[in-house]
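Notes follow the structure.
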Amino acid sequence: MDVILDLSKDGCPPKTNARPCDTMPGQLTNEQIAYFEAHANDSWVPNIIATVSVCVFLSVIILGIRFVSRWIMLGRLSLDLSDWFIIIAWLLLIVVSSSRALGTRYGLGRHILFATDIRMIHIVSIIGAVGYVLAVACIKSSLLSLYYLICPIRWFHYLIWGVAAFLAGWAISAAFVTIFQCTPIPYGWMPELGGLCIDYGLQNLISGITNVATDIFLVVMVIPLVWKLHIAKQKKWLVLNTFAIASRYIDPSIRLSLRAF
């Protein structure tokens with residue numbers, strides 16, 4: 001698991017095959033130590049703080065607009081299941097952003113040589129990654145809840161339940177793998193314990209592909225229903241674009257919080 005990144009492309013000093021982000025400070029080579037000391041001022045901490053701050057700020061505005069529009073349309077603030085899923089997703093976004101900001105206190109965003117607490121960096125990284133997966137699942141569940149409310153067709157409800165079950169399985173499995181990527185868990189920051197770690201980069205790739213695939217499916221699954229509406233074709237495309245945007249409008253904020261470094 002990459003617990004910290006420097007400013008090079010792959011997280012390692014130029015012209016070396018070693019990956020400092022997969023090693024502890026005591027395991028660094030003389031060449032790596034020399035490189036890090038020569039670039040002691042390299043830091044992504046300002047980027048991390050700025051990114052999570054902007055993402056949280058924008059999410060508050062978006063959430064506020066959602067509730068204000070509900071109030072204007074209904075004359076009162078009435079929340080349905082889709083709203084509660086979004087609220088949970090927003091709270092998880094706060095957890096993700098806070099974990100990233102907290103990690104900077106222990107060296108997150110700087111070269112691993114200057115990390116003050118590898119254990120805490122691992123812990124906050126795991127918390128952030130788990131929070132991200134659960135937040136994305138809540139966002140998609142919110143959209144499915146909306147589909148369920150606006151479409152009374154039985155076969156479509158069965159399809160929604162099937163997709164919801166798949167999302168739940170994906171989120172639980174991804175969270176489980178993130179937490180137990182190393183066995184025992186402390187082996188991630190205490191290699192002297194002895195243990196085994198999976199290829200977490202490969203797991204992230206598979207999880208990311210699944211994430212994008214479900215985004216696409218969430219839009220595709222409503223195309224037959226929208227196309228049967230007795231409205232102009234241009235309006236049909238506008239409706240589909242609205243669903244496409246709705247399926248992604250918080251996810252990028254969470255993703256930015258995670259990828260800031």
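Residues in the structure tokens are numbered from 1 in each chain, the chains being A, B, ... in the order shown, and ligands are numbered from 1 in the order shown.
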Stretch 75-187 of chain A near stretch 57-70 of chain A within 10 Å: what's each residue's closest atom pair and its distance in Å to one decimal, counting only C-alpha atoms, ordered by chain then ascending residue number, as a tab-separated table?
```
residue	atom	partner	partner_atom	distance
A:Gly75	CA	A:Arg70	CA	7.7
A:Arg76	CA	A:Arg70	CA	7.3
A:Leu77	CA	A:Arg70	CA	6.1
A:Ser78	CA	A:Arg70	CA	7.1
A:Leu79	CA	A:Arg70	CA	8.3
A:Asp83	CA	A:Phe67	CA	8.7
A:Ile86	CA	A:Leu63	CA	8.2
A:Ile87	CA	A:Leu63	CA	8.1
A:Trp90	CA	A:Ser59	CA	7.3
A:Leu93	CA	A:Ser59	CA	8.7
A:Ile94	CA	A:Ser59	CA	9.6
```
*Which residue out of A:Tyr200, A:Tyr187, A:Trp44, A:Trp227 has the minimum interatomic distance to A:Arg110 when only C-alpha atoms are used?*
A:Trp44
*Pull the alpha helix (DSSP H) assignments for stretch 7-254 of chain A out of DSSP run on the backbone, and list those residues as an MDAnalysis selection string.*
chainID A and resid 30:38 45:74 81:103 118:150 154:179 200:220 223:227 233:246 251:254
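Interatomic distance, atom CA of A:Gly128 against atom CA of A:Leu196: 21.8 Å.
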*If you count only C-alpha atoms, which residues fall within 10 Å of A:Glu37, apart from same-chain ones fewer than 6 positions away, as a PyMOL selection string?*
chain A and resi 31+111+113-114
